[in-house]
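Asker: Got protein-v1.pdb for you, PDB, C-alpha atoms:
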```
ATOM      1  CA  MET V   1      15.734 -30.662 -10.021  1.00  0.00           C
ATOM      2  CA  CYS V   2      16.894 -31.682  -6.558  1.00  0.00           C
ATOM      3  CA  LEU V   3      15.007 -28.743  -5.039  1.00  0.00           C
ATOM      4  CA  VAL V   4      11.796 -29.814  -6.816  1.00  0.00           C
ATOM      5  CA  LEU V   5      12.192 -33.382  -5.507  1.00  0.00           C
ATOM      6  CA  VAL V   6      12.740 -32.091  -1.989  1.00  0.00           C
ATOM      7  CA  ILE V   7       9.621 -29.865  -2.151  1.00  0.00           C
ATOM      8  CA  VAL V   8       7.512 -32.754  -3.515  1.00  0.00           C
ATOM      9  CA  GLN V   9       8.837 -35.103  -0.831  1.00  0.00           C
ATOM     10  CA  VAL V  10       8.042 -32.605   1.924  1.00  0.00           C
ATOM     11  CA  ASN V  11       4.525 -32.043   0.540  1.00  0.00           C
ATOM     12  CA  VAL V  12       3.920 -35.817   0.455  1.00  0.00           C
ATOM     13  CA  LEU V  13       5.142 -36.221   4.041  1.00  0.00           C
ATOM     14  CA  SER V  14       2.983 -33.292   5.138  1.00  0.00           C
ATOM     15  CA  ALA V  15      -0.056 -34.842   3.452  1.00  0.00           C
ATOM     16  CA  LEU V  16       0.656 -38.223   5.086  1.00  0.00           C
ATOM     17  CA  ASN V  17       0.878 -36.614   8.505  1.00  0.00           C
ATOM     18  CA  CYS V  18      -2.451 -34.870   7.959  1.00  0.00           C
ATOM     19  CA  PHE V  19      -3.928 -38.167   6.697  1.00  0.00           C
ATOM     20  CA  ASN V  20      -2.834 -40.011   9.836  1.00  0.00           C
ATOM     21  CA  ALA V  21      -4.264 -37.301  12.078  1.00  0.00           C
ATOM     22  CA  LYS V  22      -7.605 -37.383  10.290  1.00  0.00           C
ATOM     23  CA  PHE V  23      -7.680 -41.196  10.255  1.00  0.00           C
ATOM     24  CA  ILE V  24      -7.231 -41.269  14.023  1.00  0.00           C
ATOM     25  CA  GLN V  25     -10.149 -38.904  14.390  1.00  0.00           C
ATOM     26  CA  LEU V  26     -12.259 -41.471  12.440  1.00  0.00           C
ATOM     27  CA  SER V  27     -14.068 -38.772  10.525  1.00  0.00           C
ATOM     28  CA  VAL V  28     -17.340 -39.973   9.062  1.00  0.00           C
ATOM     29  CA  ASN V  29     -18.039 -36.918   6.955  1.00  0.00           C
ATOM     30  CA  ASN V  30     -18.505 -37.330   3.230  1.00  0.00           C
ATOM     31  CA  PRO V  31     -15.419 -35.779   1.556  1.00  0.00           C
ATOM     32  CA  GLN V  32     -17.523 -34.833  -1.440  1.00  0.00           C
ATOM     33  CA  GLU V  33     -19.946 -32.812   0.702  1.00  0.00           C
ATOM     34  CA  ARG V  34     -20.202 -29.287  -0.638  1.00  0.00           C
ATOM     35  CA  LEU V  35     -20.445 -26.516   1.926  1.00  0.00           C
ATOM     36  CA  THR V  36     -22.243 -23.523   0.493  1.00  0.00           C
ATOM     37  CA  LEU V  37     -21.161 -20.033   1.388  1.00  0.00           C
ATOM     38  CA  LYS V  38     -24.393 -19.655   3.367  1.00  0.00           C
ATOM     39  CA  GLN V  39     -23.629 -22.768   5.427  1.00  0.00           C
ATOM     40  CA  GLN V  40     -20.073 -21.590   5.943  1.00  0.00           C
ATOM     41  CA  ARG V  41     -21.240 -18.201   7.219  1.00  0.00           C
ATOM     42  CA  GLU V  42     -23.726 -19.878   9.573  1.00  0.00           C
ATOM     43  CA  MET V  43     -20.952 -22.019  11.032  1.00  0.00           C
ATOM     44  CA  THR V  44     -18.579 -19.078  11.382  1.00  0.00           C
ATOM     45  CA  SER V  45     -21.267 -16.885  12.984  1.00  0.00           C
ATOM     46  CA  GLU V  46     -21.048 -19.099  16.067  1.00  0.00           C
ATOM     47  CA  MET V  47     -17.953 -17.115  17.077  1.00  0.00           C
ATOM     48  CA  LYS V  48     -18.387 -15.046  20.192  1.00  0.00           C
ATOM     49  CA  LYS V  49     -19.812 -11.600  19.501  1.00  0.00           C
ATOM     50  CA  ASP V  50     -16.765  -9.900  20.948  1.00  0.00           C
ATOM     51  CA  ASP V  51     -14.431 -11.848  18.645  1.00  0.00           C
ATOM     52  CA  SER V  52     -16.521 -10.914  15.616  1.00  0.00           C
ATOM     53  CA  MET V  53     -16.501  -7.248  16.571  1.00  0.00           C
ATOM     54  CA  ALA V  54     -12.745  -7.327  17.121  1.00  0.00           C
ATOM     55  CA  THR V  55     -12.248  -8.928  13.718  1.00  0.00           C
ATOM     56  CA  GLU V  56     -14.372  -6.256  12.027  1.00  0.00           C
ATOM     57  CA  ALA V  57     -12.647  -3.427  13.886  1.00  0.00           C
ATOM     58  CA  HIS V  58      -9.182  -4.279  12.636  1.00  0.00           C
ATOM     59  CA  LEU V  59      -9.956  -4.912   8.976  1.00  0.00           C
ATOM     60  CA  ALA V  60      -8.736  -2.694   6.169  1.00  0.00           C
ATOM     61  CA  PRO V  61     -10.981   0.405   5.854  1.00  0.00           C
ATOM     62  CA  GLY V  62     -14.225  -0.320   3.995  1.00  0.00           C
ATOM     63  CA  HIS V  63     -13.732  -4.097   4.101  1.00  0.00           C
ATOM     64  CA  LYS V  64     -16.492  -6.225   5.649  1.00  0.00           C
ATOM     65  CA  ASN V  65     -15.973  -9.630   7.217  1.00  0.00           C
ATOM     66  CA  HIS V  66     -19.233 -11.214   5.913  1.00  0.00           C
ATOM     67  CA  GLY V  67     -19.343 -13.425   9.018  1.00  0.00           C
ATOM     68  CA  MET V  68     -16.012 -15.077   8.205  1.00  0.00           C
ATOM     69  CA  SER V  69     -12.734 -15.128  10.071  1.00  0.00           C
ATOM     70  CA  VAL V  70      -9.955 -13.020   8.585  1.00  0.00           C
ATOM     71  CA  LEU V  71      -8.111 -16.096   7.305  1.00  0.00           C
ATOM     72  CA  GLN V  72     -11.304 -17.297   5.603  1.00  0.00           C
ATOM     73  CA  GLN V  73     -11.689 -13.873   3.987  1.00  0.00           C
ATOM     74  CA  TYR V  74      -8.148 -14.177   2.630  1.00  0.00           C
ATOM     75  CA  VAL V  75      -8.999 -17.441   0.859  1.00  0.00           C
ATOM     76  CA  ALA V  76     -12.540 -16.388  -0.099  1.00  0.00           C
ATOM     77  CA  TYR V  77     -11.106 -13.964  -2.647  1.00  0.00           C
ATOM     78  CA  PHE V  78     -10.354 -16.986  -4.849  1.00  0.00           C
ATOM     79  CA  ASP V  79     -13.847 -18.480  -4.433  1.00  0.00           C
ATOM     80  CA  LYS V  80     -15.311 -17.141  -7.652  1.00  0.00           C
ATOM     81  CA  ASN V  81     -18.685 -18.933  -7.447  1.00  0.00           C
ATOM     82  CA  ASP V  82     -19.242 -18.442  -3.689  1.00  0.00           C
ATOM     83  CA  ASP V  83     -19.713 -22.140  -2.937  1.00  0.00           C
ATOM     84  CA  GLY V  84     -17.211 -22.226  -0.061  1.00  0.00           C
ATOM     85  CA  ILE V  85     -14.695 -24.341  -2.011  1.00  0.00           C
ATOM     86  CA  VAL V  86     -11.646 -23.141  -3.941  1.00  0.00           C
ATOM     87  CA  TYR V  87     -10.342 -25.291  -6.814  1.00  0.00           C
ATOM     88  CA  PRO V  88      -6.965 -24.818  -8.562  1.00  0.00           C
ATOM     89  CA  TRP V  89      -8.553 -23.190 -11.616  1.00  0.00           C
ATOM     90  CA  GLU V  90     -10.231 -20.627  -9.353  1.00  0.00           C
ATOM     91  CA  THR V  91      -6.940 -19.924  -7.578  1.00  0.00           C
ATOM     92  CA  TYR V  92      -5.273 -19.534 -10.971  1.00  0.00           C
ATOM     93  CA  ALA V  93      -7.962 -17.071 -12.108  1.00  0.00           C
ATOM     94  CA  GLY V  94      -7.526 -15.103  -8.898  1.00  0.00           C
ATOM     95  CA  PHE V  95      -3.780 -14.750  -9.372  1.00  0.00           C
ATOM     96  CA  ARG V  96      -4.214 -13.781 -13.014  1.00  0.00           C
ATOM     97  CA  ALA V  97      -6.733 -11.120 -11.984  1.00  0.00           C
ATOM     98  CA  ILE V  98      -4.144  -9.345  -9.820  1.00  0.00           C
ATOM     99  CA  GLY V  99      -1.656  -9.138 -12.682  1.00  0.00           C
ATOM    100  CA  LEU V 100       0.554 -12.220 -12.329  1.00  0.00           C
ATOM    101  CA  ASN V 101       1.568 -13.912 -15.569  1.00  0.00           C
ATOM    102  CA  VAL V 102       0.386 -17.332 -16.748  1.00  0.00           C
ATOM    103  CA  ILE V 103       3.401 -19.328 -15.549  1.00  0.00           C
ATOM    104  CA  VAL V 104       3.644 -17.769 -12.091  1.00  0.00           C
ATOM    105  CA  SER V 105      -0.136 -17.998 -11.608  1.00  0.00           C
ATOM    106  CA  ALA V 106      -0.160 -21.687 -12.573  1.00  0.00           C
ATOM    107  CA  ILE V 107       2.720 -22.542 -10.222  1.00  0.00           C
ATOM    108  CA  LEU V 108       1.242 -20.613  -7.297  1.00  0.00           C
ATOM    109  CA  ALA V 109      -2.246 -22.016  -7.840  1.00  0.00           C
ATOM    110  CA  PHE V 110      -1.012 -25.614  -7.917  1.00  0.00           C
ATOM    111  CA  ALA V 111       1.216 -25.097  -4.867  1.00  0.00           C
ATOM    112  CA  PHE V 112      -1.529 -23.339  -2.882  1.00  0.00           C
ATOM    113  CA  ASN V 113      -4.109 -26.049  -3.473  1.00  0.00           C
ATOM    114  CA  LEU V 114      -1.625 -28.895  -3.091  1.00  0.00           C
ATOM    115  CA  ILE V 115      -0.541 -27.649   0.331  1.00  0.00           C
ATOM    116  CA  ASN V 116      -3.921 -26.526   1.670  1.00  0.00           C
ATOM    117  CA  SER V 117      -6.382 -28.991   0.166  1.00  0.00           C
ATOM    118  CA  TYR V 118      -5.974 -32.080   2.348  1.00  0.00           C
ATOM    119  CA  PRO V 119      -5.885 -30.356   5.763  1.00  0.00           C
ATOM    120  CA  SER V 120      -9.089 -28.481   4.904  1.00  0.00           C
ATOM    121  CA  LEU V 121     -11.127 -31.472   3.674  1.00  0.00           C
ATOM    122  CA  PRO V 122     -14.213 -32.421   5.737  1.00  0.00           C
ATOM    123  CA  GLY V 123     -13.179 -36.090   5.610  1.00  0.00           C
ATOM    124  CA  TRP V 124      -9.925 -38.068   5.439  1.00  0.00           C
ATOM    125  CA  ILE V 125     -10.093 -39.311   1.828  1.00  0.00           C
ATOM    126  CA  PRO V 126      -8.003 -37.032  -0.437  1.00  0.00           C
ATOM    127  CA  SER V 127      -9.393 -35.548  -3.628  1.00  0.00           C
ATOM    128  CA  LEU V 128      -7.452 -35.381  -6.889  1.00  0.00           C
ATOM    129  CA  LEU V 129      -9.211 -32.101  -7.683  1.00  0.00           C
ATOM    130  CA  LEU V 130      -7.360 -30.477  -4.738  1.00  0.00           C
ATOM    131  CA  PRO V 131     -10.336 -28.531  -3.346  1.00  0.00           C
ATOM    132  CA  VAL V 132      -9.709 -26.129  -0.477  1.00  0.00           C
ATOM    133  CA  TYR V 133     -12.658 -25.868   1.930  1.00  0.00           C
ATOM    134  CA  ILE V 134     -12.767 -22.314   3.237  1.00  0.00           C
ATOM    135  CA  VAL V 135     -14.570 -23.229   6.456  1.00  0.00           C
ATOM    136  CA  ASN V 136     -11.641 -25.475   7.456  1.00  0.00           C
ATOM    137  CA  ILE V 137      -8.758 -23.341   6.171  1.00  0.00           C
ATOM    138  CA  HIS V 138      -7.519 -22.697   9.722  1.00  0.00           C
ATOM    139  CA  LYS V 139      -6.464 -26.366   9.839  1.00  0.00           C
ATOM    140  CA  ALA V 140      -3.969 -25.688   7.033  1.00  0.00           C
ATOM    141  CA  LYS V 141      -2.242 -22.837   8.876  1.00  0.00           C
ATOM    142  CA  HIS V 142       1.530 -23.391   8.761  1.00  0.00           C
ATOM    143  CA  GLY V 143       3.927 -22.709  11.617  1.00  0.00           C
ATOM    144  CA  SER V 144       6.434 -20.353   9.985  1.00  0.00           C
ATOM    145  CA  ASP V 145       4.233 -17.264  10.050  1.00  0.00           C
ATOM    146  CA  PRO V 146       4.160 -14.045  12.111  1.00  0.00           C
ATOM    147  CA  GLY V 147       1.213 -15.245  14.215  1.00  0.00           C
ATOM    148  CA  VAL V 148      -1.210 -12.668  12.837  1.00  0.00           C
ATOM    149  CA  TYR V 149      -3.859 -15.421  12.663  1.00  0.00           C
ATOM    150  CA  ASP V 150      -4.816 -17.399  15.766  1.00  0.00           C
ATOM    151  CA  LYS V 151      -5.566 -21.119  15.646  1.00  0.00           C
ATOM    152  CA  GLU V 152      -9.130 -20.401  14.510  1.00  0.00           C
ATOM    153  CA  GLY V 153      -8.010 -18.052  11.735  1.00  0.00           C
ATOM    154  CA  ARG V 154      -9.012 -14.854  13.528  1.00  0.00           C
ATOM    155  CA  PHE V 155      -6.933 -11.705  13.295  1.00  0.00           C
ATOM    156  CA  VAL V 156      -4.500 -10.899  16.138  1.00  0.00           C
ATOM    157  CA  PRO V 157      -3.700  -7.199  15.578  1.00  0.00           C
ATOM    158  CA  VAL V 158      -1.063  -7.015  18.311  1.00  0.00           C
ATOM    159  CA  ASN V 159       1.112  -9.460  16.356  1.00  0.00           C
ATOM    160  CA  LEU V 160       0.970  -7.243  13.278  1.00  0.00           C
ATOM    161  CA  GLU V 161       2.174  -4.371  15.450  1.00  0.00           C
ATOM    162  CA  ASN V 162       4.868  -6.587  16.969  1.00  0.00           C
ATOM    163  CA  MET V 163       5.997  -7.633  13.511  1.00  0.00           C
ATOM    164  CA  PHE V 164       6.644  -4.038  12.471  1.00  0.00           C
ATOM    165  CA  SER V 165       8.062  -2.883  15.795  1.00  0.00           C
ATOM    166  CA  LYS V 166      10.586  -5.720  15.732  1.00  0.00           C
ATOM    167  CA  TYR V 167      11.643  -5.800  12.084  1.00  0.00           C
ATOM    168  CA  ALA V 168      10.825  -2.360  10.607  1.00  0.00           C
ATOM    169  CA  LYS V 169      14.168  -0.710  11.408  1.00  0.00           C
ATOM    170  CA  THR V 170      14.233   1.936   8.661  1.00  0.00           C
ATOM    171  CA  HIS V 171      10.693   3.281   9.050  1.00  0.00           C
ATOM    172  CA  PRO V 172       8.213   2.317  11.829  1.00  0.00           C
ATOM    173  CA  GLU V 173       5.273   1.952   9.422  1.00  0.00           C
ATOM    174  CA  LYS V 174       7.097   0.419   6.455  1.00  0.00           C
ATOM    175  CA  MET V 175       9.501  -2.399   5.617  1.00  0.00           C
ATOM    176  CA  THR V 176      12.207  -2.990   3.047  1.00  0.00           C
ATOM    177  CA  TYR V 177      12.613  -6.363   1.353  1.00  0.00           C
ATOM    178  CA  ARG V 178      15.600  -7.150   3.583  1.00  0.00           C
ATOM    179  CA  GLU V 179      13.471  -6.471   6.656  1.00  0.00           C
ATOM    180  CA  LEU V 180      10.683  -8.705   5.323  1.00  0.00           C
ATOM    181  CA  TRP V 181      13.246 -11.436   4.683  1.00  0.00           C
ATOM    182  CA  ASN V 182      14.597 -11.067   8.228  1.00  0.00           C
ATOM    183  CA  MET V 183      11.025 -11.374   9.497  1.00  0.00           C
ATOM    184  CA  THR V 184      10.516 -14.683   7.675  1.00  0.00           C
ATOM    185  CA  GLU V 185      13.846 -15.910   9.043  1.00  0.00           C
ATOM    186  CA  GLY V 186      12.818 -14.950  12.573  1.00  0.00           C
ATOM    187  CA  ASN V 187       9.459 -16.718  12.264  1.00  0.00           C
ATOM    188  CA  GLY V 188      10.879 -19.896  10.743  1.00  0.00           C
ATOM    189  CA  VAL V 189      10.007 -23.112  12.590  1.00  0.00           C
ATOM    190  CA  ALA V 190      12.468 -26.014  12.638  1.00  0.00           C
ATOM    191  CA  TYR V 191      11.660 -28.797  10.131  1.00  0.00           C
ATOM    192  CA  ASP V 192       8.803 -26.765   8.614  1.00  0.00           C
ATOM    193  CA  LEU V 193      10.215 -26.661   5.094  1.00  0.00           C
ATOM    194  CA  VAL V 194       6.809 -26.252   3.427  1.00  0.00           C
ATOM    195  CA  GLY V 195       5.875 -23.362   5.712  1.00  0.00           C
ATOM    196  CA  TRP V 196       9.303 -21.782   5.250  1.00  0.00           C
ATOM    197  CA  ILE V 197       9.019 -21.863   1.446  1.00  0.00           C
ATOM    198  CA  GLU V 198       5.379 -20.714   1.494  1.00  0.00           C
ATOM    199  CA  SER V 199       6.213 -17.810   3.808  1.00  0.00           C
ATOM    200  CA  LYS V 200       9.159 -16.535   1.793  1.00  0.00           C
ATOM    201  CA  ALA V 201       7.354 -16.942  -1.530  1.00  0.00           C
ATOM    202  CA  SER V 202       4.200 -15.138  -0.389  1.00  0.00           C
ATOM    203  CA  TRP V 203       6.077 -12.226   1.203  1.00  0.00           C
ATOM    204  CA  THR V 204       8.319 -11.880  -1.853  1.00  0.00           C
ATOM    205  CA  ILE V 205       5.294 -11.656  -4.155  1.00  0.00           C
ATOM    206  CA  PHE V 206       3.635  -9.243  -1.732  1.00  0.00           C
ATOM    207  CA  TYR V 207       6.719  -7.029  -1.822  1.00  0.00           C
ATOM    208  CA  LEU V 208       7.010  -7.034  -5.624  1.00  0.00           C
ATOM    209  CA  MET V 209       3.353  -6.109  -6.075  1.00  0.00           C
ATOM    210  CA  THR V 210       2.981  -3.445  -3.361  1.00  0.00           C
ATOM    211  CA  LYS V 211       6.362  -1.746  -2.940  1.00  0.00           C
ATOM    212  CA  ASP V 212       6.431   2.015  -3.394  1.00  0.00           C
ATOM    213  CA  LYS V 213       8.929   4.040  -5.422  1.00  0.00           C
ATOM    214  CA  ASP V 214      11.342   4.019  -2.480  1.00  0.00           C
ATOM    215  CA  GLY V 215      11.276   0.231  -2.141  1.00  0.00           C
ATOM    216  CA  PHE V 216       9.044   0.049   0.970  1.00  0.00           C
ATOM    217  CA  VAL V 217       5.848  -1.874   1.740  1.00  0.00           C
ATOM    218  CA  SER V 218       3.430  -0.307   4.214  1.00  0.00           C
ATOM    219  CA  LYS V 219       1.787  -1.700   7.327  1.00  0.00           C
ATOM    220  CA  GLU V 220      -1.623  -0.860   5.873  1.00  0.00           C
ATOM    221  CA  ASN V 221      -0.936  -2.985   2.801  1.00  0.00           C
ATOM    222  CA  ALA V 222       0.219  -5.811   5.066  1.00  0.00           C
ATOM    223  CA  ARG V 223      -3.036  -5.541   7.014  1.00  0.00           C
ATOM    224  CA  SER V 224      -5.061  -5.664   3.790  1.00  0.00           C
ATOM    225  CA  LEU V 225      -3.063  -8.718   2.673  1.00  0.00           C
ATOM    226  CA  PHE V 226      -4.192 -10.678   5.719  1.00  0.00           C
ATOM    227  CA  ASP V 227      -7.919 -10.097   5.137  1.00  0.00           C
ATOM    228  CA  GLY V 228      -7.777 -10.506   1.345  1.00  0.00           C
ATOM    229  CA  SER V 229      -8.834  -6.939   0.571  1.00  0.00           C
ATOM    230  CA  LEU V 230      -5.434  -6.319  -1.025  1.00  0.00           C
ATOM    231  CA  PHE V 231      -6.304  -8.858  -3.720  1.00  0.00           C
ATOM    232  CA  GLU V 232      -9.557  -7.054  -4.467  1.00  0.00           C
ATOM    233  CA  LYS V 233      -7.744  -3.737  -4.696  1.00  0.00           C
ATOM    234  CA  LEU V 234      -5.043  -5.108  -7.016  1.00  0.00           C
ATOM    235  CA  ALA V 235      -7.665  -6.768  -9.211  1.00  0.00           C
ATOM    236  CA  LYS V 236      -9.560  -3.475  -9.576  1.00  0.00           C
ATOM    237  CA  ASN V 237      -6.317  -1.664 -10.448  1.00  0.00           C
ATOM    238  CA  CYS V 238      -5.593  -4.226 -13.176  1.00  0.00           C
ATOM    239  CA  GLN V 239      -9.033  -3.678 -14.688  1.00  0.00           C
ATOM    240  CA  THR V 240      -8.540   0.067 -15.074  1.00  0.00           C
TER
END
```
Would you mind writing the file out in structure tokens?
Answerer:
Amino acid sequence: MCLVLVIVQVNVLSALNCFNAKFIQLSVNNPQERLTLKQQREMTSEMKKDDSMATEAHLAPGHKNHGMSVLQQYVAYFDKNDDGIVYPWETYAGFRAIGLNVIVSAILAFAFNLINSYPSLPGWIPSLLLPVYIVNIHKAKHGSDPGVYDKEGRFVPVNLENMFSKYAKTHPEKMTYRELWNMTEGNGVAYDLVGWIESKASWTIFYLMTKDKDGFVSKENARSLFDGSLFEKLAKNCQT
């Protein structure tokens, strides 16, 4: 019970900090404005050509970027109607599609949208529906991560390589759960409780769903996690 209260308190404080930052910016955008996937792709296509080519080059084999940053692709998996906005019920459906049970899917969906909704809004007035705007998802990036995404949500392949070279002690291309845990400990940022919990929870779920018979997770699966193609693959496996 105490842990739940602590998590709720941290989420509230995080939301208040984001609210203050957005209030200072005096945003005049309508928070109910709906960004279509087409509009989102037009905005993202303003990236430099070299950055777009680099993003495409380091994706999982056969996966296209559709004009989005890698972080946007990760979240776009949950956007079932392609309107550029992810609601909790869409996140829930996405988790169910990859084989998670009802309770775990509901908890993860609520937590994901609760944490990422406000920072990604186009305005500073919060929404009780907890929408996550894909075009602004880079603003919700937490600190306790391996740095595989840059501040704009683009993929930084050298940091994926650094992650494995530093923490993959047993096998250079694979990690055990202990090594993944050590990685989250090494990337932890002081006073970032929300990011710390989100990081450990996401990597634990990743490990449980992708580990091989020897208890390892591969670098290739980690790469596909970052661009969202892992979700698509798991969903297809669950359908067969």
Asker: Just want the 8 Å neighbourhood of region 223-227 of chain V, counted on all atoms listed in the file, with same-chain residues fewer than 3 positions away dropped. Output as JSON, numbers by chain.
Answerer: {"V": [59, 60, 70, 71, 72, 73, 74, 148, 160, 219, 220, 230, 231]}
Asker: Apply the PyMOL selection byres ((chain V and resi 206-218) around 7) to the file shown and report the selected residues as a list in words.
Answerer: Glu173, Lys174, Met175, Thr176, Tyr177, Ser202, Trp203, Thr204, Ile205, Lys219, Glu220, Asn221 and Ala222 of chain V
Asker: Can you list what the PyMOL selection byres ((chain V and resi 79) around 12) grabs from this structure, as a ChimeraX atom specification?
Answerer: /V:36-37,72-78,80-95,131-135,228
Asker: Output C-alpha atoms for every residue in that selection, as a PDB file, keeping the file's coordinate frame.
Answerer:
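Written output follows (again07.pdb):
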```
ATOM      1  CA  THR V  36     -22.243 -23.523   0.493  1.00  0.00           C
ATOM      2  CA  LEU V  37     -21.161 -20.033   1.388  1.00  0.00           C
ATOM      3  CA  GLN V  72     -11.304 -17.297   5.603  1.00  0.00           C
ATOM      4  CA  GLN V  73     -11.689 -13.873   3.987  1.00  0.00           C
ATOM      5  CA  TYR V  74      -8.148 -14.177   2.630  1.00  0.00           C
ATOM      6  CA  VAL V  75      -8.999 -17.441   0.859  1.00  0.00           C
ATOM      7  CA  ALA V  76     -12.540 -16.388  -0.099  1.00  0.00           C
ATOM      8  CA  TYR V  77     -11.106 -13.964  -2.647  1.00  0.00           C
ATOM      9  CA  PHE V  78     -10.354 -16.986  -4.849  1.00  0.00           C
ATOM     10  CA  LYS V  80     -15.311 -17.141  -7.652  1.00  0.00           C
ATOM     11  CA  ASN V  81     -18.685 -18.933  -7.447  1.00  0.00           C
ATOM     12  CA  ASP V  82     -19.242 -18.442  -3.689  1.00  0.00           C
ATOM     13  CA  ASP V  83     -19.713 -22.140  -2.937  1.00  0.00           C
ATOM     14  CA  GLY V  84     -17.211 -22.226  -0.061  1.00  0.00           C
ATOM     15  CA  ILE V  85     -14.695 -24.341  -2.011  1.00  0.00           C
ATOM     16  CA  VAL V  86     -11.646 -23.141  -3.941  1.00  0.00           C
ATOM     17  CA  TYR V  87     -10.342 -25.291  -6.814  1.00  0.00           C
ATOM     18  CA  PRO V  88      -6.965 -24.818  -8.562  1.00  0.00           C
ATOM     19  CA  TRP V  89      -8.553 -23.190 -11.616  1.00  0.00           C
ATOM     20  CA  GLU V  90     -10.231 -20.627  -9.353  1.00  0.00           C
ATOM     21  CA  THR V  91      -6.940 -19.924  -7.578  1.00  0.00           C
ATOM     22  CA  TYR V  92      -5.273 -19.534 -10.971  1.00  0.00           C
ATOM     23  CA  ALA V  93      -7.962 -17.071 -12.108  1.00  0.00           C
ATOM     24  CA  GLY V  94      -7.526 -15.103  -8.898  1.00  0.00           C
ATOM     25  CA  PHE V  95      -3.780 -14.750  -9.372  1.00  0.00           C
ATOM     26  CA  PRO V 131     -10.336 -28.531  -3.346  1.00  0.00           C
ATOM     27  CA  VAL V 132      -9.709 -26.129  -0.477  1.00  0.00           C
ATOM     28  CA  TYR V 133     -12.658 -25.868   1.930  1.00  0.00           C
ATOM     29  CA  ILE V 134     -12.767 -22.314   3.237  1.00  0.00           C
ATOM     30  CA  VAL V 135     -14.570 -23.229   6.456  1.00  0.00           C
ATOM     31  CA  GLY V 228      -7.777 -10.506   1.345  1.00  0.00           C
TER      32      GLY V 228
END
```
Asker: In Å to one decimal, how far is CA of Leu114 (chain V) from CA of Lys151 (chain V)?
Answerer: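 Going from CA of Lys151 (chain V) over to CA of Leu114 (chain V) covers 20.7 Å.
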Asker: Figure out the distance between CA of Gly147 (chain V) and CA of Arg178 (chain V), please, to one decimal in Å.
Answerer: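 Between CA of Arg178 (chain V) and CA of Gly147 (chain V) the gap is 19.6 Å.
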Asker: Translate the PyMOL selection byres ((chain V and resi 120) around 7), as applied to the file shown, into an explicit residue set as a list in words.
Answerer: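 Here the PyMOL selection byres ((chain V and resi 120) around 7) matches Asn116, Ser117, Tyr118, Pro119, Leu121, Pro122, Val132, Tyr133, Asn136, Ile137, Lys139 and Ala140 of chain V.
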Asker: Each side padded by 3 Å, which centre and which edge lengths in Å (one decimal) define the axis-aligned box around the listed atoms of region 127-134 of chain V? Give them as JSON.
Answerer:
```
{"center_x": -10.1, "center_y": -28.9, "center_z": -2.2, "size_x": 11.4, "size_y": 19.2, "size_z": 16.9}
```
Asker: Please compute the CA of Ala106 (chain V)-CA of Ala190 (chain V) distance, one decimal, in Å.
Answerer: 28.5 Å
Asker: At a cut-off of 9 Å around the point (3.3, -18.1, -6.5) (file coordinates), what residues fall inside when counting only C-alpha atoms? I'd like the answer as a VMD selection string.
Answerer: chain V and resid 95 100 104 to 112 198 201 to 202 205
Asker: Applying 9 Å and all atoms listed in the file, which residues near Lys236 (chain V) remain after dropping the ones on its own chain fewer than 4 positions away? List them as a list of chain:residue names.
Answerer: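 Final neighbour list, sorted by chain and number: V:Ala97, V:Ile98, V:Phe231, V:Glu232, V:Thr240.
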